[in-house]
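**Student:** For reference, the file work_38.txt (compact mmCIF, C-alpha atoms) is included below:
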```txt
# COMPACT_ATOMS: atom_id res chain seq x y z
CA MET A 1 22.35 21.00 25.35
CA ARG A 2 18.92 19.40 25.16
CA GLN A 3 16.27 20.76 22.86
CA SER A 4 14.00 23.40 24.38
CA ARG A 5 10.31 22.81 25.11
CA ARG A 6 8.98 25.02 22.35
CA SER A 7 11.14 23.64 19.54
CA ARG A 8 10.66 20.04 20.73
CA PHE A 9 6.87 20.54 20.72
CA GLY A 10 7.02 21.89 17.18
CA ASP A 11 9.03 18.87 16.03
CA LEU A 12 6.54 16.47 17.64
CA ILE A 13 3.54 18.08 15.95
CA ARG A 14 5.18 18.27 12.53
CA ALA A 15 6.46 14.67 12.70
CA ALA A 16 3.10 13.18 13.71
CA SER A 17 0.83 11.57 11.14
CA PRO A 18 -2.30 13.52 10.11
CA SER A 19 -4.57 11.16 12.08
CA ASP A 20 -2.36 11.41 15.17
CA ARG A 21 -2.47 15.22 14.96
CA ARG A 22 -6.26 15.19 14.79
CA ARG A 23 -6.53 12.89 17.81
CA PHE A 24 -4.16 15.15 19.75
CA LEU A 25 -6.16 18.27 18.88
CA ALA A 26 -9.41 16.52 19.83
CA ASP A 27 -8.02 15.60 23.26
CA LEU A 28 -6.62 19.11 23.72
CA TRP A 29 -10.00 20.73 23.05
CA THR A 30 -11.67 18.10 25.28
CA ALA A 31 -9.35 19.10 28.12
CA ARG A 32 -10.56 22.70 27.61
CA GLY A 33 -14.15 21.64 28.25
CA TRP A 34 -15.38 20.98 24.69
CA GLU A 35 -17.14 17.88 23.36
CA THR A 36 -15.14 16.63 20.37
CA THR A 37 -15.39 14.18 17.51
CA VAL A 38 -12.99 13.44 14.66
CA GLU A 39 -14.79 13.62 11.33
CA ASP A 40 -12.75 12.87 8.21
CA ARG A 41 -10.14 15.69 8.02
CA LEU A 42 -11.69 17.84 10.74
CA VAL A 43 -11.89 17.85 14.53
CA VAL A 44 -15.37 19.09 15.45
CA ALA A 45 -15.54 20.66 18.93
CA ARG A 46 -18.82 21.74 20.53
CA ARG A 47 -19.35 23.80 23.68
CA GLY A 48 -22.83 25.17 24.23
CA ASP A 49 -23.85 27.04 21.09
CA ARG A 50 -20.27 27.32 19.80
CA ILE A 51 -18.75 24.93 17.27
CA ASP A 52 -15.08 24.87 16.26
CA ARG A 53 -14.14 22.90 13.14
CA ILE A 54 -10.40 22.44 13.43
CA ALA A 55 -8.14 21.54 10.50
CA VAL A 56 -4.37 21.28 10.06
CA ASP A 57 -2.46 22.85 7.16
CA ALA A 58 0.85 21.00 6.75
CA ARG A 59 1.87 22.64 3.48
CA SER A 60 5.32 24.15 2.96
CA ARG A 61 7.16 25.60 -0.03
CA ARG A 62 8.46 22.16 -0.98
CA LEU A 63 5.66 19.81 0.03
CA LEU A 64 2.15 19.50 -1.31
CA SER A 65 -0.74 19.12 1.11
CA PRO A 66 -4.48 18.58 0.66
CA PRO A 67 -6.43 21.85 0.61
CA VAL A 68 -7.90 23.20 3.84
CA PRO A 69 -11.59 22.16 4.11
CA ASP A 70 -13.95 25.02 3.32
CA GLU A 71 -15.93 24.42 6.53
CA ALA A 72 -12.90 24.84 8.83
CA THR A 73 -13.21 27.64 11.40
CA VAL A 74 -9.82 27.06 13.10
CA VAL A 75 -6.70 26.13 11.09
CA VAL A 76 -3.41 25.05 12.68
CA ALA A 77 -0.48 26.12 10.47
CA LEU A 78 2.52 23.79 10.66
CA GLY A 79 4.43 26.07 8.31
CA ASP A 80 4.24 29.81 7.61
CA PRO A 81 0.99 31.16 9.17
CA GLU A 82 0.74 33.85 6.48
CA ARG A 83 0.88 31.19 3.79
CA THR A 84 -1.88 29.29 5.56
CA ARG A 85 -3.95 32.47 5.89
CA ARG A 86 -3.99 32.76 2.08
CA VAL A 87 -5.47 29.27 1.63
CA ALA A 88 -7.74 29.14 4.72
CA PRO A 89 -11.43 30.09 4.64
CA ASP A 90 -11.95 33.84 5.05
CA ASP A 91 -13.52 33.64 8.53
CA ALA A 92 -11.19 30.95 9.89
CA ARG A 93 -8.84 31.68 12.79
CA VAL A 94 -5.23 30.62 12.03
CA LEU A 95 -3.10 29.26 14.87
CA SER A 96 0.66 28.93 14.44
CA VAL A 97 2.64 26.14 16.12
CA ASP A 98 3.75 28.75 18.68
CA ASP A 99 0.11 29.65 19.36
CA LEU A 100 -0.68 25.96 19.88
CA TYR A 101 2.27 25.64 22.24
CA GLU A 102 1.04 28.60 24.31
CA LEU A 103 -2.39 26.97 24.51
CA VAL A 104 -0.88 23.68 25.68
CA ARG A 105 1.44 25.24 28.25
CA TYR A 106 -0.73 28.04 29.65
CA GLY A 107 -4.30 27.43 28.47
CA LEU A 108 -5.06 24.65 30.96
CA LEU A 109 -4.73 24.49 34.71
CA GLY A 110 -2.72 21.95 36.66
CA GLY A 111 -0.39 20.98 33.82
CA ARG A 112 -3.22 19.22 31.97
CA GLY A 113 -1.82 20.32 28.60
CA ASP A 114 1.51 18.67 29.42
CA GLU A 115 -0.33 15.46 30.26
CA VAL A 116 -2.11 15.50 26.88
CA VAL A 117 1.26 15.87 25.11
CA ALA A 118 2.73 13.02 27.16
CA ASP A 119 -0.26 10.77 26.41
CA HIS A 120 0.16 11.25 22.67
CA PHE A 121 3.91 11.66 22.17
CA GLY A 122 5.48 10.12 25.29
CA VAL A 123 7.33 13.33 26.24
CA ARG A 124 6.62 15.67 29.13
CA LEU A 125 7.46 19.21 28.07
CA ALA A 126 8.06 20.14 31.73
CA ASP A 127 11.03 17.75 31.75
CA LEU A 128 12.74 19.64 28.91
CA PRO A 129 14.83 22.84 29.26
CA ALA A 130 12.92 26.10 29.47
CA ASP A 131 12.21 27.94 26.22
CA GLY A 132 15.29 29.68 24.86
CA GLY A 133 17.59 27.18 26.61
CA GLY A 134 18.05 24.87 23.67
CA GLY A 135 20.92 25.00 21.18
CA GLY A 136 23.75 27.17 22.52
CA ALA A 137 26.65 29.03 21.00
CA GLY A 138 28.98 26.06 20.64
CA GLY A 139 29.37 23.96 17.50
CA THR A 140 27.08 20.96 16.96
CA GLU A 141 27.41 17.88 14.89
CA GLY A 142 25.44 18.07 11.64
CA ALA A 143 24.51 15.51 9.03
CA GLY A 144 27.28 13.04 8.17
CA GLY A 145 29.31 13.97 11.27
CA ALA A 146 30.48 17.32 9.91
CA ARG A 147 31.18 19.90 12.57
CA THR A 148 29.17 23.11 12.48
CA GLY A 149 29.24 26.23 14.64
CA PRO A 150 30.73 29.71 14.83
CA PHE A 151 34.22 28.63 13.64
CA ALA A 152 32.97 26.59 10.70
CA SER A 153 31.98 29.70 8.75
CA LEU A 154 35.60 31.01 8.99
CA LEU A 155 37.03 28.05 7.10
CA PRO A 156 37.23 27.37 3.36
CA PRO A 157 35.09 24.46 2.12
CA ALA A 158 38.12 22.22 1.70
CA LEU A 159 38.75 22.31 5.48
CA SER A 160 35.17 21.74 6.59
CA SER A 161 35.54 17.93 6.47
CA LEU A 162 38.76 17.72 8.55
CA PRO A 163 38.70 15.74 11.83
CA VAL A 164 37.54 17.74 14.83
CA VAL A 165 40.89 18.32 16.63
CA PRO A 166 42.90 19.61 13.62
CA LEU A 167 39.91 21.62 12.54
CA LEU A 168 39.61 23.26 15.93
CA PHE A 169 43.36 24.07 15.93
CA VAL A 170 43.16 25.71 12.50
CA ALA A 171 40.09 27.66 13.54
CA LEU A 172 41.79 28.92 16.70
CA LEU A 173 44.89 29.86 14.69
CA LEU A 174 42.80 31.89 12.23
CA ALA A 175 40.98 33.56 15.08
CA ALA A 176 44.28 34.47 16.78
CA VAL A 177 45.67 35.96 13.57
CA ALA A 178 42.52 37.98 13.05
CA VAL A 179 42.62 39.33 16.61
CA THR A 180 46.31 40.36 16.42
CA ALA A 181 46.12 42.15 13.07
CA GLY A 182 48.22 45.30 13.13
CA PRO A 183 47.67 48.72 11.57
CA GLY A 184 46.48 48.57 7.98
CA GLY A 185 45.20 45.03 8.45
CA VAL A 186 48.74 43.42 8.43
CA PRO A 187 48.76 40.34 10.68
CA VAL A 188 51.15 40.49 13.68
CA LEU A 189 51.85 37.36 15.72
CA GLY A 190 51.02 37.73 19.39
CA GLU A 191 53.01 36.47 22.37
CA ALA A 192 50.96 33.30 22.52
CA LEU A 193 52.45 32.28 19.10
CA GLY A 194 56.05 33.29 19.77
CA GLY A 195 55.93 36.82 18.37
CA GLN A 196 56.39 40.20 19.99
CA GLN A 197 53.38 42.13 21.22
CA PRO A 198 52.87 45.22 18.99
CA SER A 199 52.75 48.65 20.57
CA VAL A 200 49.30 49.64 19.40
CA PRO A 201 46.55 51.25 21.45
CA THR A 202 44.31 48.82 23.23
CA PRO A 203 40.70 49.16 22.03
CA ALA A 204 38.22 50.31 24.60
CA ALA A 205 36.35 47.52 26.33
CA THR A 206 32.79 47.09 25.16
CA THR A 207 29.93 46.88 27.64
CA SER A 208 27.97 43.67 27.37
CA GLU A 209 24.22 43.84 27.04
CA PRO A 210 22.37 43.13 30.29
CA THR A 211 20.73 39.71 30.50
CA PRO A 212 16.97 40.13 30.10
CA THR A 213 14.87 39.20 33.10
CA PRO A 214 12.95 36.00 32.36
CA THR A 215 9.19 36.38 32.10
CA PRO A 216 7.53 34.75 35.12
CA GLU A 217 5.14 31.88 34.58
CA PRO A 218 1.48 32.98 34.62
CA ARG A 219 -0.10 32.82 38.08
CA THR A 220 -3.68 31.69 38.66
CA VAL A 221 -5.83 34.49 40.14
CA ALA A 222 -9.30 32.90 39.74
CA PRO A 223 -10.63 29.64 38.27
CA GLY A 224 -9.80 29.66 34.57
CA VAL A 225 -7.99 33.02 34.87
CA THR A 226 -4.26 33.69 35.18
CA THR A 227 -2.16 36.82 35.11
CA ALA A 228 -1.76 36.15 31.37
CA GLY A 229 -5.51 36.29 30.65
CA VAL A 230 -8.63 34.13 30.56
CA GLU A 231 -7.32 30.63 29.90
CA ASN A 232 -10.62 28.74 30.28
CA ALA A 233 -13.90 30.67 30.25
CA THR A 234 -15.81 27.46 30.99
CA LEU A 235 -14.03 27.02 34.34
CA LEU A 236 -14.64 30.66 35.25
CA ALA A 237 -18.34 30.40 34.35
CA ALA A 238 -18.72 27.24 36.47
CA ALA A 239 -17.03 28.93 39.44
CA HIS A 240 -19.36 31.92 39.12
CA ARG A 241 -22.38 29.60 39.01
CA ARG A 242 -21.30 27.91 42.25
CA ALA A 243 -20.61 31.25 43.98
CA ALA A 244 -23.92 32.80 42.89
CA ALA A 245 -25.87 29.76 44.10
CA ASN A 246 -24.76 30.44 47.68
CA ARG A 247 -25.64 34.14 47.86
CA SER A 248 -28.64 36.43 47.77
CA TYR A 249 -28.25 39.41 45.47
CA ARG A 250 -29.79 41.89 43.08
CA TRP A 251 -28.73 41.31 39.49
CA THR A 252 -29.30 44.10 36.97
CA LEU A 253 -28.96 43.41 33.24
CA ARG A 254 -29.10 46.05 30.53
CA TYR A 255 -29.22 45.45 26.79
CA ARG A 256 -29.02 48.37 24.35
CA GLU A 257 -29.03 48.70 20.55
CA SER A 258 -28.02 51.76 18.53
CA ILE A 259 -27.35 52.91 14.98
CA ALA A 260 -24.51 55.40 14.42
CA GLY A 261 -24.52 56.06 18.19
CA ASP A 262 -28.26 56.84 18.42
CA GLU A 263 -30.20 54.47 20.66
CA THR A 264 -32.96 52.51 18.89
CA GLY A 265 -34.07 50.25 21.74
CA ARG A 266 -33.23 48.87 25.15
CA GLU A 267 -34.27 46.29 27.74
CA VAL A 268 -33.51 46.46 31.46
CA GLU A 269 -34.08 43.43 33.69
CA VAL A 270 -33.81 43.52 37.48
CA VAL A 271 -33.65 40.16 39.26
CA HIS A 272 -33.94 39.83 43.05
CA VAL A 273 -32.62 36.46 44.25
CA GLU A 274 -33.13 35.34 47.84
CA ALA A 275 -32.22 31.67 47.28
CA PRO A 276 -31.40 29.58 44.19
CA HIS A 277 -35.10 28.95 43.47
CA VAL A 278 -36.67 31.96 45.19
CA TYR A 279 -36.50 35.03 42.97
CA VAL A 280 -38.48 37.67 41.13
CA SER A 281 -37.57 39.15 37.74
CA GLU A 282 -39.07 42.23 36.06
CA VAL A 283 -38.24 43.47 32.55
CA GLN A 284 -38.80 46.93 31.07
CA ARG A 285 -38.54 47.64 27.33
CA ALA A 286 -38.31 50.78 25.22
CA GLY A 287 -37.98 51.31 21.48
CA ARG A 288 -37.53 48.61 18.87
CA LEU A 289 -34.99 45.79 19.21
CA ARG A 290 -33.67 43.79 16.26
CA ALA A 291 -30.94 41.39 17.38
CA PHE A 292 -31.56 37.93 18.82
CA PRO A 293 -30.83 36.12 21.08
CA ARG A 294 -30.61 38.70 23.86
CA PRO A 295 -29.41 38.10 27.44
CA THR A 296 -32.43 39.79 29.02
CA ALA A 297 -35.52 37.70 29.86
CA SER A 298 -38.58 37.74 27.62
CA GLU A 299 -41.10 37.83 30.51
CA ASP A 300 -41.54 38.79 34.15
CA ALA A 301 -41.24 35.81 36.49
CA TYR A 302 -41.53 34.80 40.13
CA ALA A 303 -40.41 31.57 41.84
CA ASP A 304 -41.25 30.62 45.42
CA GLY A 305 -39.04 27.54 45.67
CA THR A 306 -41.53 24.99 44.34
CA THR A 307 -43.31 26.74 41.47
CA ARG A 308 -42.24 29.28 38.86
CA TYR A 309 -44.86 31.78 37.64
CA ALA A 310 -44.46 33.67 34.36
CA ARG A 311 -46.44 36.75 33.40
CA ARG A 312 -48.08 35.91 30.05
CA PRO A 313 -51.03 38.04 28.91
CA ALA A 314 -52.14 35.39 26.40
CA GLU A 315 -52.92 32.88 29.18
CA PRO A 316 -56.48 32.81 30.64
CA ASP A 317 -55.37 34.42 33.90
CA GLY A 318 -52.42 36.24 32.39
CA VAL A 319 -50.09 33.86 34.23
CA ALA A 320 -48.49 30.48 33.49
CA ALA A 321 -47.25 28.32 36.36
CA ARG A 322 -44.59 25.65 36.15
CA VAL A 323 -43.85 23.17 38.93
CA LEU A 324 -40.12 22.97 39.58
CA ASP A 325 -38.47 19.58 39.34
CA PRO A 326 -37.06 18.55 42.77
CA ASP A 327 -33.78 17.60 41.06
CA VAL A 328 -33.54 21.09 39.58
CA ARG A 329 -34.23 22.67 42.98
CA ASP A 330 -31.10 20.99 44.31
CA GLY A 331 -28.98 22.75 41.67
CA PRO A 332 -27.61 26.30 41.45
CA GLY A 333 -30.87 27.77 40.13
CA ARG A 334 -32.04 29.41 36.92
CA GLN A 335 -30.43 32.82 37.50
CA ALA A 336 -26.97 31.47 38.41
CA SER A 337 -27.04 29.19 35.36
CA ARG A 338 -28.08 32.08 33.08
CA ALA A 339 -25.19 34.22 34.27
CA ALA A 340 -22.71 31.37 33.78
CA ARG A 341 -23.91 30.87 30.21
CA TYR A 342 -23.45 34.56 29.40
CA LEU A 343 -19.98 34.65 30.94
CA GLU A 344 -18.84 31.70 28.85
CA TRP A 345 -20.21 33.37 25.73
CA TYR A 346 -18.79 36.81 26.23
CA LEU A 347 -15.45 36.08 27.96
CA SER A 348 -14.31 33.56 25.33
CA ALA A 349 -12.40 36.37 23.62
CA ASP A 350 -9.42 35.87 21.33
CA GLU A 351 -7.16 38.21 23.34
CA THR A 352 -7.51 38.95 27.06
CA THR A 353 -5.46 40.71 29.73
CA VAL A 354 -5.82 40.65 33.51
CA THR A 355 -4.80 43.37 35.99
CA ARG A 356 -5.24 43.78 39.73
CA VAL A 357 -7.85 46.39 40.68
CA GLU A 358 -5.97 48.85 42.88
CA SER A 359 -8.81 51.22 43.78
CA VAL A 360 -12.57 50.80 43.80
CA THR A 361 -15.53 52.99 44.64
CA ASN A 362 -18.13 50.31 45.27
CA ALA A 363 -18.75 50.03 49.00
CA THR A 364 -19.37 46.30 48.69
CA VAL A 365 -15.67 45.63 48.10
CA GLU A 366 -14.45 47.09 51.36
CA ASP A 367 -14.09 43.59 52.83
CA GLY A 368 -10.61 43.39 51.30
CA THR A 369 -11.49 40.76 48.68
CA PRO A 370 -8.87 40.94 45.89
CA LEU A 371 -10.45 41.96 42.57
CA TYR A 372 -9.12 41.59 39.04
CA ARG A 373 -10.11 43.39 35.85
CA ILE A 374 -10.42 41.27 32.70
CA GLU A 375 -10.26 43.08 29.36
CA GLY A 376 -10.75 41.26 26.07
CA ARG A 377 -11.13 41.86 22.37
CA ASP A 378 -12.33 39.91 19.31
CA THR A 379 -14.38 36.73 19.50
CA ASP A 380 -15.98 34.03 17.38
CA PHE A 381 -19.35 34.57 19.09
CA PRO A 382 -21.13 36.77 18.42
CA ARG A 383 -19.89 37.45 14.89
CA SER A 384 -19.08 41.12 15.12
CA ARG A 385 -16.70 44.00 14.58
CA GLY A 386 -14.89 45.96 17.28
CA TYR A 387 -15.72 43.42 20.02
CA ARG A 388 -14.68 44.53 23.53
CA VAL A 389 -15.42 43.05 26.94
CA GLU A 390 -14.49 44.12 30.46
CA ALA A 391 -15.31 42.29 33.70
CA ILE A 392 -14.45 42.53 37.40
CA VAL A 393 -13.90 39.15 39.07
CA GLU A 394 -13.13 37.94 42.61
CA GLU A 395 -10.58 35.25 43.39
CA SER A 396 -13.47 32.84 43.97
CA GLY A 397 -14.61 33.32 40.36
CA PHE A 398 -17.64 35.45 41.24
CA VAL A 399 -17.92 38.07 38.47
CA ARG A 400 -19.23 41.29 40.00
CA SER A 401 -19.83 43.10 36.72
CA MET A 402 -19.34 42.79 32.97
CA ARG A 403 -19.71 45.14 30.00
CA VAL A 404 -19.65 44.09 26.33
CA THR A 405 -19.75 46.30 23.25
CA TYR A 406 -19.63 45.35 19.58
CA GLU A 407 -21.11 46.09 16.17
CA THR A 408 -23.01 43.48 14.18
CA ARG A 409 -22.14 42.76 10.56
CA ASP A 410 -25.07 44.95 9.42
CA GLY A 411 -23.92 47.99 11.44
CA LEU A 412 -26.07 47.62 14.59
CA GLY A 413 -24.31 48.75 17.75
CA VAL A 414 -24.88 46.49 20.78
CA GLU A 415 -24.06 46.99 24.46
CA VAL A 416 -24.58 44.34 27.14
CA TRP A 417 -24.02 45.24 30.79
CA PHE A 418 -24.73 43.52 34.07
CA ALA A 419 -23.76 44.02 37.70
CA TYR A 420 -24.48 42.60 41.15
CA ASP A 421 -25.24 44.53 44.31
CA ALA A 422 -27.04 44.03 47.66
CA VAL A 423 -25.08 40.77 47.92
CA GLY A 424 -26.18 38.86 51.03
CA GLU A 425 -28.89 41.43 51.77
CA THR A 426 -31.67 40.64 49.26
CA THR A 427 -35.13 39.28 50.02
CA VAL A 428 -38.05 38.56 47.67
CA THR A 429 -41.72 39.54 47.95
CA ARG A 430 -44.60 38.19 45.93
CA PRO A 431 -45.24 40.51 42.92
CA ALA A 432 -48.55 42.32 42.62
CA TRP A 433 -49.22 41.05 39.10
CA LEU A 434 -49.60 37.52 40.47
CA ASP A 435 -52.57 38.36 42.72
CA ARG A 436 -55.89 38.36 40.87
CA ALA A 437 -58.72 40.73 41.65
CA ASP A 438 -61.02 37.76 42.34
CA GLY A 439 -58.77 36.62 45.14
CA SER A 440 -57.21 33.72 43.26
CA ASN A 441 -53.50 33.20 43.00
CA GLY A 442 -53.52 32.90 39.22
CA GLY A 443 -51.43 30.36 37.45
CA ARG A 444 -54.12 28.22 35.87
CA THR A 445 -51.66 26.69 33.40
CA VAL A 446 -49.47 24.14 35.19
CA VAL A 447 -46.63 22.21 33.51
CA PRO A 448 -45.23 19.56 35.85
CA ALA A 449 -41.76 18.13 36.28
CA ASN A 450 -38.33 18.49 34.60
CA ALA A 451 -38.60 22.24 34.12
CA SER A 452 -35.68 24.58 34.67
CA GLY A 453 -35.68 26.46 37.97
```
Is it possible to give me this structure as structure tokens?
**Tutor:**
Amino acid sequence: MRQSRRSRFGDLIRAASPSDRRRFLADLWTARGWETTVEDRLVVARRGDRIDRIAVDARSRRLLSPPVPDEATVVVALGDPERTRRVAPDDARVLSVDDLYELVRYGLLGGRGDEVVADHFGVRLADLPADGGGGGAGGTEGAGGARTGPFASLLPPALSSLPVVPLLFVALLLAAVAVTAGPGGVPVLGEALGGQQPSVPTPAATTSEPTPTPTPEPRTVAPGVTTAGVENATLLAAAHRRAAANRSYRWTLRYRESIAGDETGREVEVVHVEAPHVYVSEVQRAGRLRAFPRPTASEDAYADGTTRYARRPAEPDGVAARVLDPDVRDGPGRQASRAARYLEWYLSADETTVTRVESVTNATVEDGTPLYRIEGRDTDFPRSRGYRVEAIVEESGFVRSMRVTYETRDGLGVEVWFAYDAVGETTVTRPAWLDRADGSNGGRTVVPANASG
């Protein structure tokens, strides 16, 4: 039988030259939405504020390999992952060949991973037998033409080099003798070899183990999300940005810090969005906050479609105005882009699961839109302990809510939460802080062009 997909992929990766491996990894990360370059012994992948420095550890018990670069943050282990873990940098994430295979097969939509493999190695994994289908129980031909398999281990070494047909006959003869052994282990020839069948009790028939049900292939439930988890947070974030740009809504963000469970500070931002560039945002703060950056805004703001006003007490009128670039106004808007950035940050977790939401209490979901719950743990950003994330997402990719909890390296507890409501029912009114007592509209400071909306 032909070699299975998983084992064939492993052979291709291990047989490739170091430079070919790096080029393959660079293209694989590029297909996942990263910008990549190959620098010496590392593949450097950048996506937003995140940087992966990917190295390959080809060492085994018999072969020497150059040491893993100290700056590597992701290390692909071609041999024993535990052995690689001992030589990799402390904070580096170790991927086994099986992990890399899962990423190729299920981490990209539309079979893109298979195309990357075909481009580099000339083999489409989809054309090979499914995993677990390779090999088989029958004998195979080993090095030098020797026959191997279940019968070979029954024969003395002197017989292992016999031609195939005599060897098979001897093996069958030994098997027949073993099966027809009488009481006390004395061999008795069966009818098939000209002897008389012994009158011994027939052993009870054994029940064969049931064949396990094959695991179904992951099914896409939202852009970048399958039943197996979040496969591409960048795709999901982009889908959310597009969906949010076409809706009015109220977006509430809450950021909270604590020490040993006691709250030390919080920020709550409420954003009303009527159109991509018509919105008002107000922020309330309490206590003392230490961590940075934070997802909540640093100032109150109002945008009327052509100009964005920010509440800044240090300005002469307490307000700074910024003319929106017409090109920006044609885009999804500042608030949709902010949300997409946060989703890509927080949902790029190391482990994620996805389940269908069977019951909900929010009245806004009574339209029958299928919802899915994403749960994740551990992440490279932010550097933290006990990282957990949960989000509710529609099939369109619109993320209705998200909650993140983690602890920083210095023991600060952090919670980030946001949710949407009043979807399709939100309007915006000019805030009172923008109107001056002298009847002016404020906004004496004007910064033209190429400003974010």
**Student:** With distances taken over all atoms listed in the file, which of A:Asp52, A:Asp327, A:Glu375, A:Glu407 is nearest to Leu25 of chain A?
**Tutor:**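 Looking only at the distances to Leu25 of chain A, the closest residue turns out to be A:Asp52.
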**Student:** Find, counting only C-alpha atoms, the residue in A:Thr37, A:Ser7, A:Thr84, A:Thr227 that gets nearest to Gly107 of chain A.
**Tutor:** A:Thr227
**Student:** Quick one: residues within 8 Å of segment 377-389 of chain A, all atoms listed in the file counted, chain neighbours fewer than 5 positions away excluded, as a list in words?
**Tutor:**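 Counting all atoms listed in the file, the residues come to Arg50, Trp345, Tyr346, Leu347, Ser348, Ala349, Asp350, Glu351, Thr352, Met402, Arg403, Val404, Thr405, Tyr406, Glu407, Thr408 and Arg409 of chain A.
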**Student:** What is the distance between atom CA of Leu236 of chain A and atom CA of Val116 of chain A, in Å to one decimal?
**Tutor:** 21.4 Å
**Student:** Hey, can you check how far atom CA of Thr355 of chain A sits from atom CA of Arg373 of chain A?
**Tutor:**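 Atom-to-atom, atom CA of Thr355 of chain A and atom CA of Arg373 of chain A are spaced 5.3 Å apart.
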**Student:** Which residue, A:Ser248, A:Val283, A:Glu344, A:Val268, has the smallest gap to Thr427 of chain A when you use only C-alpha atoms?
**Tutor:** A:Ser248
**Student:** If we count only C-alpha atoms and set the cut-off at 9 Å, which residues sit around Ala260 of chain A, ignoring sequence neighbours fewer than 6 positions away in its own chain? Please answer as a ChimeraX atom specification.
**Tutor:** /A:411-413
**Student:** Take the residues from that selection and put them in a file with C-alpha atoms, as a compact mmCIF listing (two decimals), keeping the file's coordinate frame.
**Tutor:**
```txt
# COMPACT_ATOMS: atom_id res chain seq x y z
CA GLY A 411 -23.92 47.99 11.44
CA LEU A 412 -26.07 47.62 14.59
CA GLY A 413 -24.31 48.75 17.75
```
**Student:** In Å, rounded to a single decimal, give me how far atom CA of Tyr101 of chain A is from atom CA of Ala16 of chain A.
**Tutor:**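 Atom CA of Tyr101 of chain A lies at a distance of 15.1 Å from atom CA of Ala16 of chain A.
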**Student:** When distances are computed from all atoms listed in the file, which of A:Pro370, A:Arg400, A:Ala58, A:Ala336 shows the smallest separation from Ser17 of chain A?
**Tutor:** A:Ala58
**Student:** So, with all atoms listed in the file as the atoms that count, which of A:Val123, A:Leu128, A:Ala422, A:Ile392 lies closest to His272 of chain A?
**Tutor:**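 The shortest atom-to-atom distance to His272 of chain A comes from A:Ala422.
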**Student:** Pull the neighbourhood of (-32.0, 44.3, 36.1) for me: all residues within 7 Å in file coordinates, counting all atoms listed in the file, as a list in words.
**Tutor:** Trp251, Thr252, Leu253, Arg254, Val268, Glu269, Val270 and Val271 of chain A
**Student:** With distances taken over all atoms listed in the file, which residue among A:Ser337, A:Glu82, A:Thr30, A:Val74 lies nearest Ala243 of chain A?
**Tutor:** A:Ser337
**Student:** Which neighbours of segment 298-301 of chain A fall inside 6 Å, counting all atoms listed in the file, when residues of the same chain fewer than 6 positions from it are skipped, and could you give them as an mmCIF file with C-alpha atoms, in the coordinates of the input?
**Tutor:**
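Saved to part-v4.cif:
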```cif
data_model
loop_
_atom_site.group_PDB
_atom_site.id
_atom_site.type_symbol
_atom_site.label_atom_id
_atom_site.label_comp_id
_atom_site.auth_asym_id
_atom_site.auth_seq_id
_atom_site.Cartn_x
_atom_site.Cartn_y
_atom_site.Cartn_z
ATOM 1 C CA VAL A 280 -38.480 37.670 41.130
ATOM 2 C CA SER A 281 -37.570 39.150 37.740
ATOM 3 C CA GLU A 282 -39.070 42.230 36.060
ATOM 4 C CA VAL A 283 -38.240 43.470 32.550
ATOM 5 C CA TYR A 309 -44.860 31.780 37.640
ATOM 6 C CA ALA A 310 -44.460 33.670 34.360
ATOM 7 C CA ARG A 311 -46.440 36.750 33.400
#
```
**Student:** Asn232 of chain A: which residues within 7 Å, counting all atoms listed in the file, same-chain residues fewer than 2 positions away excluded, as a PyMOL selection string?
**Tutor:** chain A and resi 32+107-108+224-225+230+234-236
**Student:** Contacts of Leu371 of chain A at 7 Å or less, counting only C-alpha atoms, minus same-chain residues fewer than 6 places along, as a list in words?
**Tutor:** Arg356, Val357, Ile392, Val393, Glu394 and Glu395 of chain A
